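Text of my_file33.cif, listed as mmCIF, C-alpha atoms:
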```cif
data_input
loop_
_atom_site.label_atom_id
_atom_site.label_comp_id
_atom_site.auth_asym_id
_atom_site.auth_seq_id
_atom_site.Cartn_x
_atom_site.Cartn_y
_atom_site.Cartn_z
CA MET A 1 0.00 0.00 0.00
CA ASN A 2 1.36 3.43 -0.99
CA LEU A 3 0.55 6.47 1.16
CA THR A 4 1.63 10.10 0.94
CA ILE A 5 2.26 11.39 4.46
CA ASN A 6 3.12 15.05 4.99
CA GLY A 7 4.28 15.24 1.40
CA GLU A 8 6.48 12.11 1.61
CA GLU A 9 5.63 8.88 -0.21
CA ARG A 10 5.70 5.81 2.04
CA GLN A 11 5.18 2.12 1.23
CA PHE A 12 3.63 -0.41 3.60
CA ASP A 13 3.39 -4.17 3.15
CA ARG A 14 -0.22 -4.35 4.35
CA THR A 15 -3.27 -2.18 4.80
CA LEU A 16 -3.41 -0.17 8.02
CA THR A 17 -5.87 1.71 10.15
CA ILE A 18 -4.90 5.20 11.24
CA ASP A 19 -4.18 3.86 14.74
CA GLU A 20 -1.83 1.26 13.27
CA LEU A 21 -0.15 3.83 11.03
CA LEU A 22 0.52 6.17 13.95
CA ALA A 23 1.93 3.27 15.97
CA SER A 24 4.26 2.34 13.10
CA LEU A 25 5.46 5.97 12.99
CA GLU A 26 5.88 6.00 16.79
CA LEU A 27 3.40 8.86 17.16
CA ASP A 28 1.06 9.43 20.08
CA GLY A 29 -2.42 9.83 18.64
CA SER A 30 -3.46 12.07 21.52
CA LYS A 31 -0.86 14.69 20.53
CA VAL A 32 -1.59 14.95 16.79
CA ALA A 33 -4.39 15.56 14.32
CA VAL A 34 -4.82 13.59 11.11
CA GLU A 35 -6.27 14.76 7.82
CA CYS A 36 -6.96 12.14 5.15
CA ASN A 37 -7.61 13.34 1.61
CA LEU A 38 -8.38 16.85 2.96
CA ALA A 39 -10.95 15.54 5.50
CA ILE A 40 -10.13 15.70 9.20
CA VAL A 41 -10.44 12.31 10.88
CA PRO A 42 -11.85 12.41 14.46
CA LYS A 43 -9.62 10.74 17.04
CA SER A 44 -12.55 8.54 18.08
CA VAL A 45 -12.48 6.66 14.76
CA TYR A 46 -8.71 6.21 14.29
CA SER A 47 -8.98 2.51 15.08
CA LYS A 48 -11.86 2.03 12.64
CA THR A 49 -10.58 4.08 9.73
CA GLN A 50 -8.98 1.80 7.16
CA LEU A 51 -6.51 3.46 4.84
CA THR A 52 -6.41 2.62 1.17
CA ASP A 53 -3.75 2.72 -1.51
CA GLY A 54 -3.03 6.27 -2.68
CA ASP A 55 -4.44 8.07 0.36
CA LYS A 56 -2.86 11.43 1.16
CA LEU A 57 -2.47 12.26 4.82
CA GLU A 58 -1.38 15.27 6.85
CA ILE A 59 -0.30 14.65 10.43
CA VAL A 60 0.18 17.84 12.44
CA HIS A 61 0.99 18.95 15.97
CA PHE A 62 1.65 22.17 17.85
CA ILE A 63 4.99 23.92 17.68
CA GLY A 64 6.35 27.13 19.14
CA GLY A 65 4.62 29.92 17.16
CA GLY A 66 4.39 33.68 23.57
CA ASN A 67 3.22 36.45 37.06
CA THR A 68 1.32 39.47 36.36
CA ASP A 69 -1.51 38.61 38.71
CA SER A 70 -5.05 39.49 37.77
CA SER A 71 -6.96 39.85 41.01
CA ASP A 72 -10.63 39.13 41.57
CA GLU A 73 -11.17 42.91 41.82
CA ASP A 74 -9.57 43.45 38.39
CA PRO A 75 -10.11 40.19 36.49
CA PHE A 76 -8.86 39.49 32.96
CA ILE A 77 -11.51 37.33 31.33
CA VAL A 78 -11.42 36.09 27.73
CA ALA A 79 -14.35 34.05 26.42
CA GLY A 80 -15.41 33.20 29.97
CA GLU A 81 -11.92 32.09 31.06
CA GLN A 82 -10.17 34.10 33.77
CA LEU A 83 -6.44 34.43 33.23
CA LYS A 84 -3.92 35.23 35.95
CA SER A 85 -1.69 37.22 33.60
CA ARG A 86 -2.46 40.01 31.17
CA LEU A 87 0.66 39.06 29.23
CA ILE A 88 0.21 36.48 26.46
CA VAL A 89 3.39 35.13 24.91
CA GLY A 90 4.32 33.32 21.74
CA THR A 91 6.36 30.14 21.70
CA GLY A 92 8.40 30.59 18.53
CA LYS A 93 11.85 31.98 17.63
CA TYR A 94 13.66 30.66 20.72
CA LYS A 95 16.89 28.70 20.32
CA ASP A 96 15.24 25.55 21.70
CA PHE A 97 12.24 24.33 23.68
CA GLU A 98 14.14 24.53 26.97
CA GLU A 99 14.64 28.27 26.53
CA THR A 100 10.99 28.56 25.51
CA LYS A 101 9.94 26.89 28.74
CA LEU A 102 12.15 29.07 30.94
CA ALA A 103 11.05 32.30 29.25
CA ILE A 104 7.36 31.45 29.62
CA GLU A 105 7.86 30.65 33.28
CA ALA A 106 9.66 33.98 33.82
CA SER A 107 6.89 35.90 32.02
CA GLY A 108 4.19 34.63 34.33
CA ALA A 109 1.92 34.11 31.32
CA ASP A 110 -0.72 31.42 31.48
CA MET A 111 -1.81 31.68 27.83
CA VAL A 112 0.61 30.90 24.99
CA THR A 113 0.17 30.99 21.23
CA VAL A 114 1.10 27.87 19.28
CA ALA A 115 1.44 27.20 15.58
CA VAL A 116 0.19 24.08 13.80
CA ARG A 117 2.79 22.32 11.69
CA ARG A 118 3.46 18.92 10.15
CA VAL A 119 4.88 16.23 12.40
CA ASN A 120 8.43 15.20 11.46
CA ILE A 121 7.77 11.57 10.49
CA THR A 122 11.36 11.01 9.35
CA ASP A 123 13.17 11.90 12.58
CA ARG A 124 11.05 10.82 15.53
CA SER A 125 13.72 11.98 17.97
CA GLN A 126 12.65 15.59 17.43
CA PRO A 127 10.98 16.99 20.58
CA MET A 128 7.44 18.35 20.71
CA LEU A 129 6.35 21.58 22.37
CA VAL A 130 3.88 19.72 24.58
CA ASP A 131 6.82 17.92 26.21
CA TYR A 132 8.09 21.28 27.55
CA VAL A 133 5.03 23.51 27.81
CA ASP A 134 2.29 21.48 29.47
CA PRO A 135 -1.15 22.17 27.91
CA LYS A 136 -2.67 21.21 31.27
CA LYS A 137 -0.78 24.08 32.91
CA TYR A 138 -1.03 26.68 30.14
CA THR A 139 -3.92 27.70 27.92
CA TYR A 140 -2.85 26.88 24.37
CA LEU A 141 -4.02 29.44 21.82
CA PRO A 142 -3.66 27.89 18.34
CA ASN A 143 -3.00 30.52 15.70
CA THR A 144 -2.91 30.75 11.93
CA ALA A 145 0.59 32.14 11.49
CA PHE A 146 1.60 32.52 7.83
CA CYS A 147 -1.90 31.95 6.48
CA TYR A 148 -2.64 34.30 3.59
CA THR A 149 -6.21 33.26 2.74
CA ALA A 150 -9.36 32.55 4.69
CA ASP A 151 -9.36 28.94 3.43
CA GLU A 152 -5.82 28.35 4.73
CA ALA A 153 -6.77 29.74 8.13
CA LEU A 154 -9.94 27.65 8.33
CA ARG A 155 -8.11 24.45 7.46
CA THR A 156 -5.41 25.18 10.05
CA LEU A 157 -7.79 25.88 12.92
CA ARG A 158 -10.03 22.91 12.14
CA LEU A 159 -6.94 20.70 12.40
CA ALA A 160 -5.94 22.49 15.61
CA ARG A 161 -9.30 21.75 17.19
CA GLU A 162 -8.95 18.09 16.25
CA ALA A 163 -5.37 17.92 17.58
CA GLY A 164 -6.04 19.45 20.96
CA GLY A 165 -9.76 19.96 21.36
CA TRP A 166 -9.45 23.73 21.80
CA ASP A 167 -12.09 26.04 20.35
CA LEU A 168 -10.49 29.27 21.61
CA VAL A 169 -8.23 30.33 18.74
CA LYS A 170 -6.27 33.27 17.40
CA LEU A 171 -7.13 34.16 13.82
CA GLU A 172 -4.64 36.04 11.67
CA VAL A 173 -4.80 36.23 7.90
CA LEU A 174 -1.85 38.09 6.46
CA GLY A 175 -1.97 40.26 3.39
CA HIS A 176 1.63 41.05 2.51
CA GLU A 177 4.82 39.05 3.02
CA LYS A 178 6.98 42.09 3.78
CA THR A 179 4.73 44.03 6.17
CA LEU A 180 2.71 41.09 7.56
CA TYR A 181 -0.24 43.46 7.82
CA PRO A 182 -3.59 41.69 8.15
CA ASN A 183 -5.76 41.16 5.09
CA MET A 184 -8.98 42.38 6.62
CA ILE A 185 -11.26 41.17 3.83
CA GLU A 186 -10.03 37.59 4.26
CA THR A 187 -10.00 38.01 8.05
CA LEU A 188 -13.67 39.00 8.11
CA SER A 189 -14.59 36.05 5.91
CA ALA A 190 -12.67 33.54 8.04
CA ALA A 191 -13.99 34.97 11.31
CA LYS A 192 -17.60 34.68 10.16
CA THR A 193 -17.16 31.02 9.22
CA LEU A 194 -15.24 30.10 12.37
CA ILE A 195 -17.84 31.70 14.63
CA SER A 196 -20.60 29.81 12.81
CA GLU A 197 -18.68 26.57 13.53
CA GLY A 198 -18.50 27.25 17.25
CA PHE A 199 -14.98 28.63 17.50
CA LYS A 200 -14.22 31.42 19.98
CA VAL A 201 -12.20 33.80 17.86
CA MET A 202 -9.53 36.18 19.10
CA VAL A 203 -8.63 38.16 16.01
CA TYR A 204 -5.43 39.91 14.89
CA CYS A 205 -6.47 42.99 12.96
CA SER A 206 -5.56 46.46 11.75
CA ASP A 207 -5.77 49.42 14.13
CA ASP A 208 -8.91 50.67 12.38
CA PRO A 209 -11.65 51.41 14.95
CA ILE A 210 -14.43 50.83 12.41
CA MET A 211 -13.07 47.44 11.37
CA CYS A 212 -12.56 46.45 14.99
CA LEU A 213 -16.16 47.30 15.80
CA GLU A 214 -17.30 45.17 12.85
CA LEU A 215 -15.34 42.19 14.17
CA GLU A 216 -16.79 42.62 17.66
CA ASP A 217 -20.34 42.90 16.32
CA MET A 218 -19.73 39.70 14.34
CA GLY A 219 -19.01 37.83 17.56
CA CYS A 220 -15.21 37.80 18.04
CA VAL A 221 -14.33 37.30 21.72
CA ALA A 222 -11.24 39.55 21.68
CA ILE A 223 -9.95 42.27 19.37
CA MET A 224 -6.18 42.29 18.79
CA PRO A 225 -5.02 45.37 16.86
CA LEU A 226 -1.38 45.57 15.87
CA GLY A 227 0.79 48.11 17.64
CA ALA A 228 3.29 48.00 14.76
CA PRO A 229 4.26 45.42 12.12
CA ILE A 230 4.91 41.92 13.46
CA GLY A 231 8.46 41.50 14.73
CA SER A 232 9.37 45.15 14.09
CA GLY A 233 9.87 46.19 17.71
CA LEU A 234 8.73 49.73 16.84
CA GLY A 235 6.30 50.05 19.75
CA ILE A 236 2.80 51.55 19.66
CA GLN A 237 2.67 53.62 16.48
CA ASN A 238 -0.94 54.79 16.64
CA PRO A 239 -1.92 55.31 20.28
CA VAL A 240 -4.91 57.47 19.34
CA ALA A 241 -6.53 54.68 17.32
CA ILE A 242 -5.72 52.06 19.96
CA GLY A 243 -7.35 54.28 22.58
CA ILE A 244 -10.50 54.68 20.47
CA ILE A 245 -10.68 50.94 19.86
CA LYS A 246 -10.51 50.31 23.60
CA ASP A 247 -13.06 53.01 24.42
CA GLN A 248 -15.68 51.51 22.10
CA ALA A 249 -15.04 47.81 22.80
CA LYS A 250 -17.14 45.58 25.04
CA VAL A 251 -14.73 42.65 24.64
CA PRO A 252 -11.04 42.52 25.63
CA VAL A 253 -8.63 44.57 23.53
CA ILE A 254 -5.15 43.06 23.36
CA VAL A 255 -2.28 44.78 21.57
CA ASP A 256 -0.75 42.18 19.27
CA ALA A 257 2.56 42.75 17.46
CA GLY A 258 5.15 45.51 17.42
CA VAL A 259 6.24 45.60 21.07
CA GLY A 260 10.02 45.89 21.31
CA THR A 261 10.83 46.56 24.95
CA ALA A 262 9.25 46.82 28.37
CA SER A 263 8.24 50.48 28.03
CA ASP A 264 6.20 49.60 24.92
CA ALA A 265 4.20 47.08 26.92
CA THR A 266 3.62 49.65 29.64
CA VAL A 267 2.36 52.19 27.08
CA ALA A 268 -0.13 49.65 25.72
CA MET A 269 -1.46 48.96 29.19
CA GLU A 270 -1.60 52.65 30.12
CA LEU A 271 -3.87 53.19 27.11
CA GLY A 272 -6.34 50.91 28.90
CA CYS A 273 -5.76 47.77 26.85
CA ASP A 274 -6.69 44.56 28.60
CA GLY A 275 -3.53 42.73 27.65
CA VAL A 276 -0.48 42.49 25.42
CA LEU A 277 0.63 39.63 23.18
CA MET A 278 4.29 39.38 22.19
CA ASN A 279 6.89 36.92 20.93
CA SER A 280 9.84 38.56 19.17
CA ALA A 281 10.41 41.15 21.90
CA ILE A 282 11.24 38.34 24.31
CA ALA A 283 12.67 35.66 22.02
CA HIS A 284 15.00 38.05 20.16
CA ALA A 285 16.33 39.73 23.29
CA SER A 286 19.96 39.04 24.22
CA ASN A 287 18.63 37.42 27.40
CA PRO A 288 15.11 36.17 26.66
CA VAL A 289 14.44 34.89 30.18
CA LEU A 290 15.39 38.22 31.78
CA MET A 291 13.38 40.14 29.18
CA ALA A 292 10.37 37.92 29.89
CA SER A 293 10.60 38.89 33.55
CA ALA A 294 10.87 42.58 32.56
CA MET A 295 7.75 42.28 30.41
CA LYS A 296 5.88 40.74 33.33
CA ASP A 297 6.73 43.76 35.47
CA ALA A 298 6.01 46.23 32.65
CA VAL A 299 2.50 44.90 32.01
CA SER A 300 1.75 44.96 35.73
CA ALA A 301 3.05 48.53 36.11
CA GLY A 302 1.11 49.75 33.08
CA ARG A 303 -2.13 48.24 34.35
CA LYS A 304 -1.68 49.79 37.80
CA SER A 305 -0.88 53.17 36.22
CA PHE A 306 -4.04 53.01 34.11
CA LEU A 307 -6.21 52.10 37.09
CA ALA A 308 -4.62 54.84 39.21
CA GLY A 309 -5.37 57.50 36.60
CA ARG A 310 -2.58 59.76 35.44
CA MET A 311 -2.35 63.41 36.40
CA PRO A 312 -3.77 65.88 33.87
CA ARG A 313 -1.40 67.35 31.30
CA LYS A 314 -0.79 71.07 31.74
CA LYS A 315 0.68 73.71 29.50
CA TYR A 316 2.66 75.45 32.25
CA ALA A 317 4.48 74.44 35.41
CA ASP A 318 2.61 73.87 38.67
CA PRO A 319 4.84 73.90 41.76
CA SER A 320 4.59 70.86 43.94
CA SER A 321 5.61 72.69 47.14
CA PRO A 322 2.91 74.80 48.86
CA LEU A 323 3.21 78.59 48.58
CA ALA A 324 1.60 79.27 51.97
CA GLY A 325 4.15 80.27 54.61
CA LEU A 326 6.78 81.11 52.02
CA ILE A 327 9.75 82.89 53.59
#
```

Have the structure of the file written as structure tokens, please.
Amino acid sequence: MNLTINGEERQFDRTLTIDELLASLELDGSKVAVECNLAIVPKSVYSKTQLTDGDKLEIVHFIGGGNTDSSDEDPFIVAGEQLKSRLIVGTGKYKDFEETKLAIEASGADMVTVAVRRVNITDRSQPMLVDYVDPKKYTYLPNTAFCYTADEALRTLRLAREAGGWDLVKLEVLGHEKTLYPNMIETLSAAKTLISEGFKVMVYCSDDPIMCLELEDMGCVAIMPLGAPIGSGLGIQNPVAIGIIKDQAKVPVIVDAGVGTASDATVAMELGCDGVLMNSAIAHASNPVLMASAMKDAVSAGRKSFLAGRMPRKKYADPSSPLAGLI
């Protein structure tokens, strides 16, 4: 029997069920999702699904794609789930999974974004993210990194739900390879379909208040406008728009992309945003673990500053010492 698995042709001397195929590849069926001839196969029928000559299969898993305490008096709730941290971190771009693990621990984050990629069926010694970042300890947020059409994003997140059972997802549909700005037409199309299929959609989007309101009205559970292009480290480029988006939103607003250093995270939180999502700012730092700790403190400080309420801006000086009793 000839099968094409993750783009590689494989020959087997007998017919196999999906369960038997996974066993022969030394894969744990609970950690992967299987697509056969473009149709996702539920885990519950792996043992009953007989493969036939010429079948094309995709076997995917999660890879690296990102304690600020949230008290009961100031809870951070996304789609009904209360998170301890307002910092969400990505899991990509680190030198290895061990560094990923240590950085996440230092950040205090309890939600991490993960990408969906093919399983390496040739070298089974390759580690998996789930072996370092426990999905029972952290909330996995599958994303659609490097998807450029609605159809690509839909296929990715359907596989993600089958692989891990999560319906809370991060949707991003990119429009340009150089800027990585979102393609909002495709994003709107994908979001509408995902919501109709029962997904809880956190959506990466442009910093356009009108578009953000459209996404919220459609049913997205969190709005995630970019602060600056992905991986640029430029910081919040349009604070006025971000502020408007937050003022009009009834769902969490999370700045996603563009943060470069701790002060950028603080600025986002001082604007009133509910959280910040970042990856490159931590992973590309000279000391990612130390930067993760700095980001934890920055998000906490920014939130406290916002809740405290800054002093009004004034055109002229106002002496801090009292004038009464002046000698």

(request) Specify as a list in words each residue included when the PyMOL selection byres ((chain A and resi 197) around 12) is applied to this file. (result)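 Here the PyMOL selection byres ((chain A and resi 197) around 12) matches Leu154, Leu157, Arg158, Arg161, Asp167, Leu168, Ala190, Ala191, Lys192, Thr193, Leu194, Ile195, Ser196, Gly198, Phe199, Lys200, Val201 and Gly219 of chain A.
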
Those same residues, written as a PDB file, in the coordinates of the input with C-alpha atoms?
```pdb
ATOM      1  CA  LEU A 154      -9.940  27.650   8.330  1.00  0.00           C
ATOM      2  CA  LEU A 157      -7.790  25.880  12.920  1.00  0.00           C
ATOM      3  CA  ARG A 158     -10.030  22.910  12.140  1.00  0.00           C
ATOM      4  CA  ARG A 161      -9.300  21.750  17.190  1.00  0.00           C
ATOM      5  CA  ASP A 167     -12.090  26.040  20.350  1.00  0.00           C
ATOM      6  CA  LEU A 168     -10.490  29.270  21.610  1.00  0.00           C
ATOM      7  CA  ALA A 190     -12.670  33.540   8.040  1.00  0.00           C
ATOM      8  CA  ALA A 191     -13.990  34.970  11.310  1.00  0.00           C
ATOM      9  CA  LYS A 192     -17.600  34.680  10.160  1.00  0.00           C
ATOM     10  CA  THR A 193     -17.160  31.020   9.220  1.00  0.00           C
ATOM     11  CA  LEU A 194     -15.240  30.100  12.370  1.00  0.00           C
ATOM     12  CA  ILE A 195     -17.840  31.700  14.630  1.00  0.00           C
ATOM     13  CA  SER A 196     -20.600  29.810  12.810  1.00  0.00           C
ATOM     14  CA  GLY A 198     -18.500  27.250  17.250  1.00  0.00           C
ATOM     15  CA  PHE A 199     -14.980  28.630  17.500  1.00  0.00           C
ATOM     16  CA  LYS A 200     -14.220  31.420  19.980  1.00  0.00           C
ATOM     17  CA  VAL A 201     -12.200  33.800  17.860  1.00  0.00           C
ATOM     18  CA  GLY A 219     -19.010  37.830  17.560  1.00  0.00           C
TER      19      GLY A 219
END
```

Counting only C-alpha atoms, closest pick from A:Asp256, A:Asp247, A:Asp217, A:Asp318 relative to Val276 of chain A is A:Asp256

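From atom CA of Leu83 of chain A back to atom CA of Gly302 of chain A, the distance works out to 17.1 Å.
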
> How many Å separate atom CA of Phe146 of chain A from atom CA of Asp134 of chain A?
Replying inline: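 Distance reported for this atom pair: 24.3 Å.
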
For the structure provided, state which residues fall under the PyMOL selection byres ((chain A and resi 33) around 10), and present them as a PyMOL selection string. chain A and resi 29-32+34-35+40-43+58-62+116+118-119+158-165

Next, the residues of the selection above should be written as a compact mmCIF listing (two decimals), keeping the file's coordinate frame with C-alpha atoms.
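As a result, result.txt now contains:
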```
# COMPACT_ATOMS: atom_id res chain seq x y z
CA GLY A 29 -2.42 9.83 18.64
CA SER A 30 -3.46 12.07 21.52
CA LYS A 31 -0.86 14.69 20.53
CA VAL A 32 -1.59 14.95 16.79
CA VAL A 34 -4.82 13.59 11.11
CA GLU A 35 -6.27 14.76 7.82
CA ILE A 40 -10.13 15.70 9.20
CA VAL A 41 -10.44 12.31 10.88
CA PRO A 42 -11.85 12.41 14.46
CA LYS A 43 -9.62 10.74 17.04
CA GLU A 58 -1.38 15.27 6.85
CA ILE A 59 -0.30 14.65 10.43
CA VAL A 60 0.18 17.84 12.44
CA HIS A 61 0.99 18.95 15.97
CA PHE A 62 1.65 22.17 17.85
CA VAL A 116 0.19 24.08 13.80
CA ARG A 118 3.46 18.92 10.15
CA VAL A 119 4.88 16.23 12.40
CA ARG A 158 -10.03 22.91 12.14
CA LEU A 159 -6.94 20.70 12.40
CA ALA A 160 -5.94 22.49 15.61
CA ARG A 161 -9.30 21.75 17.19
CA GLU A 162 -8.95 18.09 16.25
CA ALA A 163 -5.37 17.92 17.58
CA GLY A 164 -6.04 19.45 20.96
CA GLY A 165 -9.76 19.96 21.36
```

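You will find atom CA of Val221 of chain A at 13.7 Å from atom CA of Lys246 of chain A.
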
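Closest approach to Ser125 of chain A from the set A:Ile245, A:Ser107, A:Ala145, A:Leu27 is made by A:Leu27, with distances taken over all atoms listed in the file.
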
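Of the residues under consideration (A:Lys101, A:Lys170, A:Lys314, A:Arg303), A:Arg303 shows the shortest atom-to-atom contact distance to Val267 of chain A when counting only C-alpha atoms.
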
Write out as a ChimeraX atom specification which residues come within 12 Å of segment 182-188 of chain A when counting all atoms listed in the file, dropping same-chain ones fewer than 5 positions away. /A:144-154,170-177,193-195,201-208,210-220,224-226,228-230,256-257

Selection result of the PyMOL selection byres ((chain A and resi 258) around 12) on this file, as a PyMOL selection string: chain A and resi 179-181+224-238+255-257+259-262+264-265+268+276-282

Using only C-alpha atoms, the residue out of A:Asn2, A:Thr113, A:Thr91, A:Asn37 with shortest distance to Gly54 of chain A is A:Asn2

Per-axis box centre and lengths in Å around segment 89-96 of chain A, 3 Å margin per side, axis-aligned, as JSON:
```
{"center_x": 10.1, "center_y": 30.3, "center_z": 21.3, "size_x": 19.5, "size_y": 15.6, "size_z": 13.3}
```

For a quick check of understanding, using only C-alpha atoms, which of A:Lys93, A:Arg10, A:Arg86, A:Arg313 has the smallest distance to Ala109 of chain A?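 Ranking A:Lys93, A:Arg10, A:Arg86, A:Arg313 by distance to Ala109 of chain A, first place goes to A:Arg86.
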
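Distances from A:Leu57, A:Leu141, A:Ala106, A:Met111 to Glu9 of chain A were compared using all atoms listed in the file, and the smallest one belongs to A:Leu57.
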
If I only want segment 77-85 of chain A, can you write it with all heavy atoms, as a compact mmCIF listing (two decimals), in the first residue's frame?
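This is the output file part26.txt:
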```txt
# COMPACT_ATOMS: atom_id res chain seq x y z
N ILE A 77 -10.67 38.44 31.76
CA ILE A 77 -11.51 37.33 31.33
C ILE A 77 -11.62 37.36 29.80
O ILE A 77 -11.99 38.38 29.22
CB ILE A 77 -12.91 37.39 31.96
CG1 ILE A 77 -12.79 37.33 33.50
CG2 ILE A 77 -13.79 36.26 31.44
CD1 ILE A 77 -14.10 37.55 34.22
N VAL A 78 -11.29 36.24 29.18
CA VAL A 78 -11.42 36.09 27.73
C VAL A 78 -12.31 34.89 27.45
O VAL A 78 -12.00 33.77 27.87
CB VAL A 78 -10.05 35.88 27.05
CG1 VAL A 78 -10.22 35.73 25.54
CG2 VAL A 78 -9.11 37.05 27.35
N ALA A 79 -13.41 35.13 26.78
CA ALA A 79 -14.35 34.05 26.42
C ALA A 79 -14.75 33.22 27.63
O ALA A 79 -14.83 31.99 27.57
CB ALA A 79 -13.75 33.16 25.34
N GLY A 80 -14.96 33.88 28.76
CA GLY A 80 -15.41 33.20 29.97
C GLY A 80 -14.29 32.60 30.80
O GLY A 80 -14.55 32.09 31.89
N GLU A 81 -13.05 32.65 30.33
CA GLU A 81 -11.92 32.09 31.06
C GLU A 81 -11.12 33.20 31.73
O GLU A 81 -10.69 34.14 31.07
CB GLU A 81 -11.00 31.30 30.12
CG GLU A 81 -9.78 30.71 30.82
CD GLU A 81 -8.92 29.88 29.89
OE1 GLU A 81 -9.33 29.64 28.74
OE2 GLU A 81 -7.83 29.47 30.32
N GLN A 82 -10.94 33.10 33.06
CA GLN A 82 -10.17 34.10 33.77
C GLN A 82 -8.70 33.71 33.77
O GLN A 82 -8.33 32.61 34.17
CB GLN A 82 -10.66 34.26 35.21
CG GLN A 82 -9.90 35.36 35.96
CD GLN A 82 -10.56 35.77 37.26
OE1 GLN A 82 -11.75 35.55 37.46
NE2 GLN A 82 -9.80 36.39 38.16
N LEU A 83 -7.88 34.65 33.30
CA LEU A 83 -6.44 34.43 33.23
C LEU A 83 -5.75 35.17 34.37
O LEU A 83 -6.17 36.25 34.77
CB LEU A 83 -5.89 34.91 31.89
CG LEU A 83 -6.50 34.26 30.65
CD1 LEU A 83 -5.99 34.95 29.39
CD2 LEU A 83 -6.17 32.78 30.60
N LYS A 84 -4.68 34.59 34.88
CA LYS A 84 -3.92 35.23 35.95
C LYS A 84 -3.07 36.38 35.41
O LYS A 84 -2.83 37.36 36.09
CB LYS A 84 -3.00 34.21 36.64
CG LYS A 84 -3.73 33.06 37.33
CD LYS A 84 -2.79 32.26 38.21
CE LYS A 84 -1.60 31.67 37.44
NZ LYS A 84 -2.01 30.64 36.48
N SER A 85 -2.62 36.24 34.18
CA SER A 85 -1.69 37.22 33.60
C SER A 85 -2.32 37.95 32.43
O SER A 85 -3.05 37.35 31.63
CB SER A 85 -0.42 36.51 33.14
OG SER A 85 0.43 37.40 32.45
```
